[in-house]
file target.cif (mmCIF, C-alpha atoms and all ligand atoms)
data_upload
loop_
_atom_site.label_atom_id
_atom_site.label_comp_id
_atom_site.auth_asym_id
_atom_site.auth_seq_id
_atom_site.Cartn_x
_atom_site.Cartn_y
_atom_site.Cartn_z
CA MET F 1387 99.76 85.54 115.05
CA SER F 1388 101.54 87.07 112.02
CA ARG F 1389 105.12 86.16 111.34
CA ILE F 1390 107.60 88.99 110.99
CA ALA F 1391 110.78 89.05 108.89
CA TYR F 1392 113.66 91.50 108.89
CA VAL F 1393 114.61 92.65 105.37
CA ASN F 1394 117.32 95.25 104.81
CA GLY F 1395 116.49 97.58 107.66
CA ARG F 1396 112.76 96.90 108.03
CA TYR F 1397 110.60 94.50 110.01
CA ARG F 1398 107.89 93.33 107.64
CA LEU F 1399 104.94 90.98 107.64
CA HIS F 1400 106.28 87.67 106.38
CA ALA F 1401 103.90 87.75 103.41
CA ASP F 1402 105.27 91.14 102.34
CA ALA F 1403 108.94 90.35 102.99
CA VAL F 1404 110.55 90.57 99.54
CA VAL F 1405 113.97 91.31 98.06
CA HIS F 1406 114.83 93.01 94.79
CA VAL F 1407 114.89 90.93 91.56
CA GLU F 1408 118.51 91.95 91.07
CA ASP F 1409 119.64 90.78 94.49
CA ARG F 1410 122.80 88.78 93.78
CA GLY F 1411 121.58 86.03 96.09
CA TYR F 1412 118.66 85.49 93.74
CA GLN F 1413 120.64 85.76 90.50
CA PHE F 1414 124.00 84.18 91.39
CA ALA F 1415 123.52 82.45 94.77
CA ASP F 1416 126.14 85.04 95.78
CA GLY F 1417 125.49 84.86 99.50
CA VAL F 1418 125.81 82.92 102.72
CA TYR F 1419 123.50 81.92 105.55
CA GLU F 1420 123.23 80.54 109.06
CA VAL F 1421 120.52 78.62 110.90
CA ILE F 1422 120.49 78.89 114.68
CA ALA F 1423 118.22 76.93 117.01
CA VAL F 1424 116.23 78.58 119.77
CA GLN F 1425 115.67 76.55 122.94
CA ARG F 1426 113.86 77.91 125.98
CA GLY F 1427 113.87 81.22 124.16
CA ARG F 1428 117.67 81.31 123.91
CA LEU F 1429 119.93 80.93 120.91
CA VAL F 1430 121.97 77.73 120.90
CA ASP F 1431 125.69 78.36 120.30
CA GLU F 1432 125.02 81.83 118.90
CA GLU F 1433 128.66 82.95 119.03
CA ALA F 1434 129.87 79.89 117.13
CA HIS F 1435 127.26 80.50 114.41
CA LEU F 1436 128.17 84.19 114.11
CA SER F 1437 131.86 83.29 113.91
CA ARG F 1438 131.13 80.82 111.11
CA LEU F 1439 129.07 83.52 109.35
CA ASP F 1440 132.06 85.83 109.70
CA ARG F 1441 134.30 83.20 108.11
CA SER F 1442 131.89 82.46 105.23
CA LEU F 1443 131.59 86.20 104.50
CA ALA F 1444 135.35 86.70 104.62
CA GLU F 1445 135.97 83.76 102.24
CA LEU F 1446 133.61 85.34 99.69
CA ARG F 1447 134.74 88.91 100.43
CA ILE F 1448 131.20 90.01 101.27
CA PRO F 1449 131.18 92.83 103.85
CA TRP F 1450 129.15 92.42 107.03
CA PRO F 1451 125.77 94.14 106.50
CA MET F 1452 126.05 95.65 110.01
CA SER F 1453 128.19 95.08 113.09
CA ARG F 1454 128.08 91.71 114.81
CA ARG F 1455 126.57 93.36 117.86
CA ALA F 1456 123.85 95.01 115.75
CA LEU F 1457 123.08 91.67 114.07
CA ARG F 1458 122.59 90.09 117.48
CA VAL F 1459 120.10 92.84 118.31
CA VAL F 1460 118.19 92.25 115.05
CA VAL F 1461 118.12 88.48 115.66
CA ALA F 1462 116.82 89.00 119.22
CA GLU F 1463 114.17 91.38 117.90
CA VAL F 1464 113.03 88.91 115.21
CA ILE F 1465 112.69 86.24 117.91
CA ARG F 1466 110.74 88.64 120.11
CA ARG F 1467 108.42 89.81 117.34
CA ASN F 1468 107.70 86.20 116.36
CA ARG F 1469 107.05 85.31 120.01
CA ILE F 1470 109.39 82.33 120.06
CA LEU F 1471 109.28 81.65 123.76
CA GLU F 1472 110.22 77.97 123.68
CA SER F 1473 111.68 76.25 120.57
CA GLY F 1474 112.34 77.56 117.11
CA LEU F 1475 114.79 78.34 114.34
CA VAL F 1476 116.32 81.58 113.16
CA TYR F 1477 117.48 81.86 109.54
CA MET F 1478 119.79 84.66 108.43
CA GLN F 1479 121.10 85.30 104.97
CA VAL F 1480 123.62 87.83 103.73
CA THR F 1481 124.15 88.43 100.01
CA ARG F 1482 126.48 90.70 98.09
CA GLY F 1483 123.57 93.06 97.55
CA VAL F 1484 121.51 94.49 94.72
CA ALA F 1485 123.21 95.59 91.49
CA PRO F 1486 122.71 95.38 87.70
CA ARG F 1487 123.45 91.80 86.68
CA SER F 1488 127.14 91.33 85.99
CA HIS F 1489 129.41 88.58 87.33
CA VAL F 1490 132.10 90.86 88.75
CA PHE F 1491 131.61 92.24 92.26
CA PRO F 1492 129.63 95.48 92.10
CA PRO F 1493 131.61 98.36 93.65
CA GLY F 1494 130.18 100.27 96.60
CA VAL F 1495 127.07 98.13 97.06
CA ALA F 1496 125.73 97.38 100.55
CA SER F 1497 125.24 93.69 101.33
CA SER F 1498 121.66 92.51 101.87
CA LEU F 1499 120.45 91.00 105.15
CA VAL F 1500 117.35 88.92 105.71
CA VAL F 1501 116.43 87.37 109.09
CA THR F 1502 113.42 85.10 109.58
CA ALA F 1503 112.32 82.91 112.48
CA ARG F 1504 109.73 80.28 113.20
CA SER F 1505 108.53 78.31 116.17
CA LEU F 1506 108.99 74.57 116.40
CA PRO F 1507 107.45 71.96 118.66
CA ARG F 1508 109.24 71.62 121.99
CA PHE F 1509 112.17 69.15 122.08
CA ASP F 1510 110.75 65.64 122.29
CA ARG F 1511 113.18 63.03 123.60
CA ASP F 1512 111.26 60.03 122.27
CA ALA F 1513 110.91 61.52 118.80
CA ALA F 1514 114.63 62.42 118.81
CA ARG F 1515 115.60 58.80 119.60
CA LYS F 1516 113.84 57.46 116.51
CA GLY F 1517 116.22 56.14 113.85
CA VAL F 1518 116.18 57.21 110.22
CA ALA F 1519 117.34 55.79 106.88
CA VAL F 1520 119.94 57.38 104.61
CA ILE F 1521 120.82 56.69 100.99
CA THR F 1522 124.24 57.22 99.43
CA ILE F 1523 124.78 59.42 96.37
CA PRO F 1524 127.84 60.79 94.57
CA ASP F 1525 129.12 64.09 95.96
CA ASN F 1526 129.06 66.36 92.93
CA ARG F 1527 129.38 69.69 94.76
CA TRP F 1528 132.04 72.34 94.30
CA LYS F 1529 135.30 72.17 96.26
CA ARG F 1530 134.49 74.80 98.91
CA CYS F 1531 131.86 73.01 100.97
CA ASP F 1532 133.34 74.65 104.09
CA ILE F 1533 131.62 77.91 103.06
CA LYS F 1534 127.97 78.02 104.12
CA SER F 1535 126.85 79.32 100.76
CA VAL F 1536 123.19 79.61 99.70
CA SER F 1537 124.20 77.75 96.55
CA LEU F 1538 122.60 74.45 97.57
CA LEU F 1539 121.41 72.85 94.34
CA PRO F 1540 123.21 69.49 94.75
CA ASN F 1541 122.00 69.40 98.36
CA VAL F 1542 118.41 70.10 97.29
CA LEU F 1543 118.54 67.40 94.60
CA GLY F 1544 120.12 64.92 97.02
CA LYS F 1545 117.54 65.54 99.74
CA GLN F 1546 114.71 65.13 97.22
CA GLN F 1547 116.25 61.85 96.02
CA ALA F 1548 116.39 60.69 99.65
CA LYS F 1549 112.77 61.61 100.18
CA GLU F 1550 111.67 59.79 97.04
CA ALA F 1551 113.58 56.70 98.28
CA GLY F 1552 111.74 56.88 101.62
CA ALA F 1553 114.90 58.04 103.42
CA PHE F 1554 115.57 61.01 105.66
CA GLU F 1555 118.95 62.06 104.32
CA ALA F 1556 121.47 61.37 101.56
CA TRP F 1557 125.13 60.82 102.48
CA MET F 1558 127.40 62.08 99.76
CA ILE F 1559 130.34 59.96 98.60
CA ASP F 1560 133.60 61.38 97.25
CA SER F 1561 135.67 59.93 94.38
CA ASP F 1562 137.60 57.74 96.87
CA GLY F 1563 134.41 56.07 98.06
CA ALA F 1564 134.43 57.93 101.39
CA VAL F 1565 131.45 59.69 102.96
CA THR F 1566 131.78 63.48 102.97
CA GLU F 1567 128.58 64.50 104.78
CA GLY F 1568 124.80 64.63 104.44
CA THR F 1569 122.99 67.18 102.29
CA SER F 1570 122.23 69.20 105.44
CA SER F 1571 124.05 67.36 108.22
CA ASN F 1572 127.37 65.82 109.23
CA ALA F 1573 127.90 62.04 109.18
CA TRP F 1574 129.23 59.86 112.02
CA ILE F 1575 129.75 56.16 112.73
CA VAL F 1576 130.83 54.04 115.66
CA SER F 1577 133.10 51.23 114.46
CA GLY F 1578 133.00 47.64 115.69
CA SER F 1579 136.03 48.45 117.84
CA ALA F 1580 134.14 51.33 119.52
CA GLU F 1581 135.89 54.18 117.71
CA LEU F 1582 133.78 57.25 117.06
CA LEU F 1583 134.48 58.43 113.53
CA THR F 1584 133.58 61.60 111.67
CA ARG F 1585 135.34 63.23 108.76
CA GLN F 1586 137.88 65.90 109.69
CA ALA F 1587 137.03 69.53 108.93
CA SER F 1588 138.33 70.53 105.49
CA SER F 1589 136.98 72.19 102.36
CA ALA F 1590 135.12 68.90 101.65
CA ILE F 1591 132.52 69.44 104.40
CA LEU F 1592 130.73 72.12 106.33
CA ASN F 1593 132.18 72.17 109.82
CA GLY F 1594 128.86 71.88 111.64
CA ILE F 1595 128.36 73.74 114.89
CA THR F 1596 126.54 70.66 116.20
CA ARG F 1597 129.46 68.53 114.99
CA ARG F 1598 131.85 70.66 117.02
CA ALA F 1599 129.67 70.55 120.13
CA VAL F 1600 129.38 66.75 119.86
CA LEU F 1601 133.16 66.43 119.35
CA ASP F 1602 133.68 68.41 122.59
CA ILE F 1603 131.17 66.29 124.45
CA ALA F 1604 132.68 63.05 123.12
CA ALA F 1605 136.18 64.20 124.14
CA GLU F 1606 134.93 65.04 127.65
CA GLN F 1607 133.41 61.57 127.82
CA GLY F 1608 136.74 59.98 126.96
CA CYS F 1609 135.41 58.50 123.70
CA ARG F 1610 137.97 57.12 121.24
CA LEU F 1611 137.54 59.86 118.67
CA VAL F 1612 138.99 59.63 115.19
CA GLU F 1613 138.50 62.43 112.69
CA ARG F 1614 139.07 60.88 109.27
CA PRO F 1615 137.14 59.97 106.13
CA PHE F 1616 135.32 56.63 106.37
CA THR F 1617 134.11 54.55 103.41
CA VAL F 1618 130.56 53.49 102.59
CA GLY F 1619 131.65 49.92 103.41
CA GLU F 1620 132.83 50.97 106.86
CA ALA F 1621 129.59 52.84 107.42
CA LYS F 1622 127.46 49.85 106.42
CA SER F 1623 129.35 47.53 108.76
CA ALA F 1624 129.40 50.05 111.63
CA ALA F 1625 127.99 49.24 115.05
CA GLU F 1626 126.17 52.60 115.14
CA ALA F 1627 125.66 55.56 112.85
CA PHE F 1628 124.16 58.99 113.33
CA LEU F 1629 124.01 62.44 111.83
CA THR F 1630 124.23 65.88 113.42
CA SER F 1631 122.79 69.28 112.56
CA THR F 1632 121.17 72.29 114.14
CA THR F 1633 117.71 71.02 113.18
CA SER F 1634 118.26 67.26 113.56
CA LEU F 1635 120.47 67.39 116.71
CA VAL F 1636 122.03 63.93 117.12
CA LYS F 1637 119.88 61.65 114.97
CA PRO F 1638 120.37 57.87 114.86
CA VAL F 1639 120.87 56.39 111.39
CA VAL F 1640 119.57 52.81 111.36
CA ARG F 1641 119.67 52.01 107.65
CA ILE F 1642 122.19 52.95 104.94
CA ASP F 1643 120.85 52.06 101.47
CA ASP F 1644 119.61 48.47 102.03
CA THR F 1645 121.79 47.71 105.04
CA THR F 1646 120.46 47.78 108.59
CA ILE F 1647 122.88 49.29 111.10
CA GLY F 1648 123.26 47.47 114.42
CA ASP F 1649 119.91 46.13 115.56
CA GLY F 1650 118.01 48.82 113.67
CA ARG F 1651 117.53 51.02 116.72
CA ILE F 1652 119.47 53.84 118.34
CA GLY F 1653 122.85 52.57 119.56
CA PRO F 1654 124.17 53.08 123.12
CA LEU F 1655 126.84 55.68 122.30
CA THR F 1656 124.47 57.59 120.01
CA GLU F 1657 121.93 57.60 122.82
CA ARG F 1658 124.45 58.96 125.31
CA LEU F 1659 125.63 61.67 122.91
CA LEU F 1660 122.03 62.65 122.12
CA GLU F 1661 121.27 62.95 125.82
CA LEU F 1662 124.37 65.04 126.50
CA TYR F 1663 123.84 67.22 123.43
CA ALA F 1664 120.24 67.84 124.51
CA GLY F 1665 121.59 68.92 127.88
CA HIS F 1666 124.06 71.29 126.21
CA MET F 1667 121.34 72.69 123.96
CA LEU F 1668 118.87 73.28 126.77
CA ALA F 1669 121.44 74.84 129.11
CA GLN F 1670 122.46 77.90 127.09
CA GLU F 1671 123.61 80.82 129.17
CA VAL F 1672 122.13 84.23 128.45
CA GLU F 1673 124.91 86.05 126.66
CA THR F 1674 125.67 89.59 127.62
CA GLY F 1675 127.05 92.37 125.48
N1 LIG T 1701 126.58 69.98 106.44
C1 LIG T 1701 125.76 70.66 105.62
C2 LIG T 1701 125.96 70.56 104.14
C3 LIG T 1701 124.74 71.46 106.17
O1 LIG T 1701 123.92 72.16 105.37
C4 LIG T 1701 124.56 71.49 107.58
C5 LIG T 1701 123.44 72.27 108.19
N2 LIG T 1701 123.66 73.63 108.12
C6 LIG T 1701 125.45 70.77 108.38
C7 LIG T 1701 126.46 70.02 107.77
C8 LIG T 1701 125.34 70.80 109.88
O2 LIG T 1701 125.75 72.05 110.38
P1 LIG T 1701 125.20 72.62 111.76
O3 LIG T 1701 125.47 71.60 112.80
O4 LIG T 1701 125.98 73.87 111.96
O5 LIG T 1701 123.74 72.87 111.57
#

call {"tool": "encode", "arguments": {"input": "target.cif", "output": "C-alpha cells"}}
result
Amino acid sequence: MSRIAYVNGRYRLHADAVVHVEDRGYQFADGVYEVIAVQRGRLVDEEAHLSRLDRSLAELRIPWPMSRRALRVVVAEVIRRNRILESGLVYMQVTRGVAPRSHVFPPGVASSLVVTARSLPRFDRDAARKGVAVITIPDNRWKRCDIKSVSLLPNVLGKQQAKEAGAFEAWMIDSDGAVTEGTSSNAWIVSGSAELLTRQASSAILNGITRRAVLDIAAEQGCRLVERPFTVGEAKSAAEAFLTSTTSLVKPVVRIDDTTIGDGRIGPLTERLLELYAGHMLAQEVETG
C-alpha cells in the first residue's frame, strides 16, 4: 500500500511529497513539530499535543497554518489514507513558510504544514519491559528546550553517539552536573528511599506529554513524587531508572555509562508505571468536535 503525506493543502504520494527549497524549515530550522501515537486507531493525548503545538508556535510567533479543528481533520484523514487501524505514529511540522532567504520574519507569508503517518507493530508488553542502556553527554543545546523546535542537531549528534556506544539514548548533563533529559525522551529515577524523581518543567527540557501522563498516574498511585534536577551520581546509584516518550512509552534504563542500575532488569515501580501508562494509552476516548 502506498503511503500518503499531507503537504500544504494536498495529499500526495509519500515519494512525491516535497517542500520548496526556500522553506524556512529547511534553511533555518524555523519551525516546530509534534509526534502523536496512534493506538487502536485513536490518537493518544491528541489535545495535549495540539496544545503544546499551540505553545511552541506562539513562542516563535509562527501563525497556525489552519484552525486547530481543521488540523484535527487533516490528521484524521492522513491516518485514514495510510490505513493505520492499530498502532502508528503521526508526525506534523509547521514552519514559518516559504520566502526568499533572509533572517528576519517574512511579512505576509503563510506557514507551511506537513503531516505524515506510519504504522508500527502492535504494542508488545514483553518488548516494552526490556531494559536499555544510556550514555551521558554534555547538554550543549540552546536555552529554549521547552519549544519543540525542528532544530535538533545536538539531539541528532547525541543519539548517534549513543548508538555508536551500543546504547539506546544519551542523557544530557547541564553545567551543574544534573541530568536535563534524553535526546528524544525525558529522564526519571527512583531513589534508594523510593522517591520518584524527574526534572521539573522549565526552559531546560521539553515538557513531554508522556512525562505529564506518567506524573498524573504516579500522583494517583500515591507515589512520592519530586520534580527537581538530579545529578549523574544520583542516577547511577538509583534503585530504578527509566525514560518516557511518545515512541518509547515508559522504558526501563538498566545501565548508565558503565554502571548497572538495580539488578539490571526493569524495577518494580517502573513496571507498574509502564503497565498503567499502557492502560492509559490503550484506553483513549474518541474525541468529538
Ligand atoms: N524530550 C525531548 C528532547 C524530546 O524530543 C521528546 C520527544 N518528543 C521528549 C522529551 C518526550 O516528549 P513526549 O513524551 O511528548 O514524546

call {"tool": "closest_atom_pairs", "arguments": {"input": "target.cif", "of": "chain F", "to": "ligand LIG 1701 (chain T)", "cutoff": "8 Å", "atoms": "all atoms listed in the file", "output": "CSV"}}
result
residue,atom,partner,partner_atom,distance
F:Glu1420,CA,T:LIG1701,N2,7.0
F:Val1421,CA,T:LIG1701,N2,6.5
F:Ile1422,CA,T:LIG1701,O5,7.5
F:His1435,CA,T:LIG1701,O4,7.2
F:Cys1531,CA,T:LIG1701,C2,7.1
F:Lys1534,CA,T:LIG1701,O1,7.2
F:Asn1541,CA,T:LIG1701,C2,7.1
F:Glu1567,CA,T:LIG1701,N1,6.1
F:Gly1568,CA,T:LIG1701,N1,6.0
F:Thr1569,CA,T:LIG1701,C2,4.9
F:Ser1570,CA,T:LIG1701,O1,3.4
F:Ser1571,CA,T:LIG1701,C7,3.6
F:Asn1572,CA,T:LIG1701,C7,4.5
F:Ile1591,CA,T:LIG1701,N1,6.3
F:Leu1592,CA,T:LIG1701,N1,4.7
F:Asn1593,CA,T:LIG1701,C7,6.4
F:Gly1594,CA,T:LIG1701,O2,3.4
F:Ile1595,CA,T:LIG1701,O4,3.8
F:Thr1596,CA,T:LIG1701,O3,3.7
F:Arg1597,CA,T:LIG1701,O3,5.5
F:Arg1598,CA,T:LIG1701,O3,7.7
F:Thr1630,CA,T:LIG1701,O3,5.9
F:Ser1631,CA,T:LIG1701,O3,3.6
F:Thr1632,CA,T:LIG1701,O5,3.7
F:Thr1633,CA,T:LIG1701,O5,6.5
F:Leu1635,CA,T:LIG1701,O3,7.6

call {"tool": "closest_residue", "arguments": {"input": "target.cif", "among": "F:Asp1562, F:Asp1602, F:Asp1525, F:Glu1472", "to": "F:Arg1428", "atoms": "all atoms listed in the file"}}
result
F:Glu1472

call {"tool": "residues_around", "arguments": {"input": "target.cif", "residues": "F:Ala1503", "least_positions_apart": "3", "cutoff": "7 Å", "atoms": "only C-alpha atoms", "output": "number ranges by chain"}}
result
F: 1464-1465, 1468, 1475-1477

call {"tool": "residues_around", "arguments": {"input": "target.cif", "residues": "F:Pro1492", "least_positions_apart": "5", "cutoff": "12 Å", "atoms": "only C-alpha atoms", "output": "ChimeraX atom specification"}}
result
/F:1408-1410,1416,1447-1448,1481-1487,1497

call {"tool": "closest_residue", "arguments": {"input": "target.cif", "among": "F:Cys1609, F:Leu1655, F:Ile1470, F:Leu1443", "to": "F:Arg1504", "atoms": "all atoms listed in the file"}}
result
F:Ile1470

call {"tool": "residues_around", "arguments": {"input": "target.cif", "residues": "F:Ala1415", "least_positions_apart": "4", "cutoff": "6 Å", "atoms": "all atoms listed in the file", "output": "JSON list (two decimals) with C-alpha atoms, keeping the file's coordinate frame"}}
result
[["chain", "number", "residue", "atom", "x", "y", "z"],
["F", 1411, "GLY", "CA", 121.58, 86.03, 96.09],
["F", 1536, "VAL", "CA", 123.19, 79.61, 99.70],
["F", 1537, "SER", "CA", 124.20, 77.75, 96.55]]

call {"tool": "residues_around", "arguments": {"input": "target.cif", "residues": "F:Ala1664", "least_positions_apart": "5", "cutoff": "9 Å", "atoms": "only C-alpha atoms", "output": "list in words"}}
result
Phe1509, Arg1511, Leu1635, Val1636, Leu1659 and Ala1669 of chain F

call {"tool": "write_last_selection", "arguments": {"input": "target.cif", "atoms": "C-alpha atoms", "output": "PDB file, in the frame of the given file"}}
result
ATOM      1  CA  PHE F1509     112.170  69.150 122.080  1.00  0.00           C
ATOM      2  CA  ARG F1511     113.180  63.030 123.600  1.00  0.00           C
ATOM      3  CA  LEU F1635     120.470  67.390 116.710  1.00  0.00           C
ATOM      4  CA  VAL F1636     122.030  63.930 117.120  1.00  0.00           C
ATOM      5  CA  LEU F1659     125.630  61.670 122.910  1.00  0.00           C
ATOM      6  CA  ALA F1669     121.440  74.840 129.110  1.00  0.00           C
TER       7      ALA F1669
END

call {"tool": "closest_residue", "arguments": {"input": "target.cif", "among": "F:Val1565, F:Leu1439, F:Ala1496, F:Met1558", "to": "F:Val1618", "atoms": "all atoms listed in the file"}}
result
F:Val1565
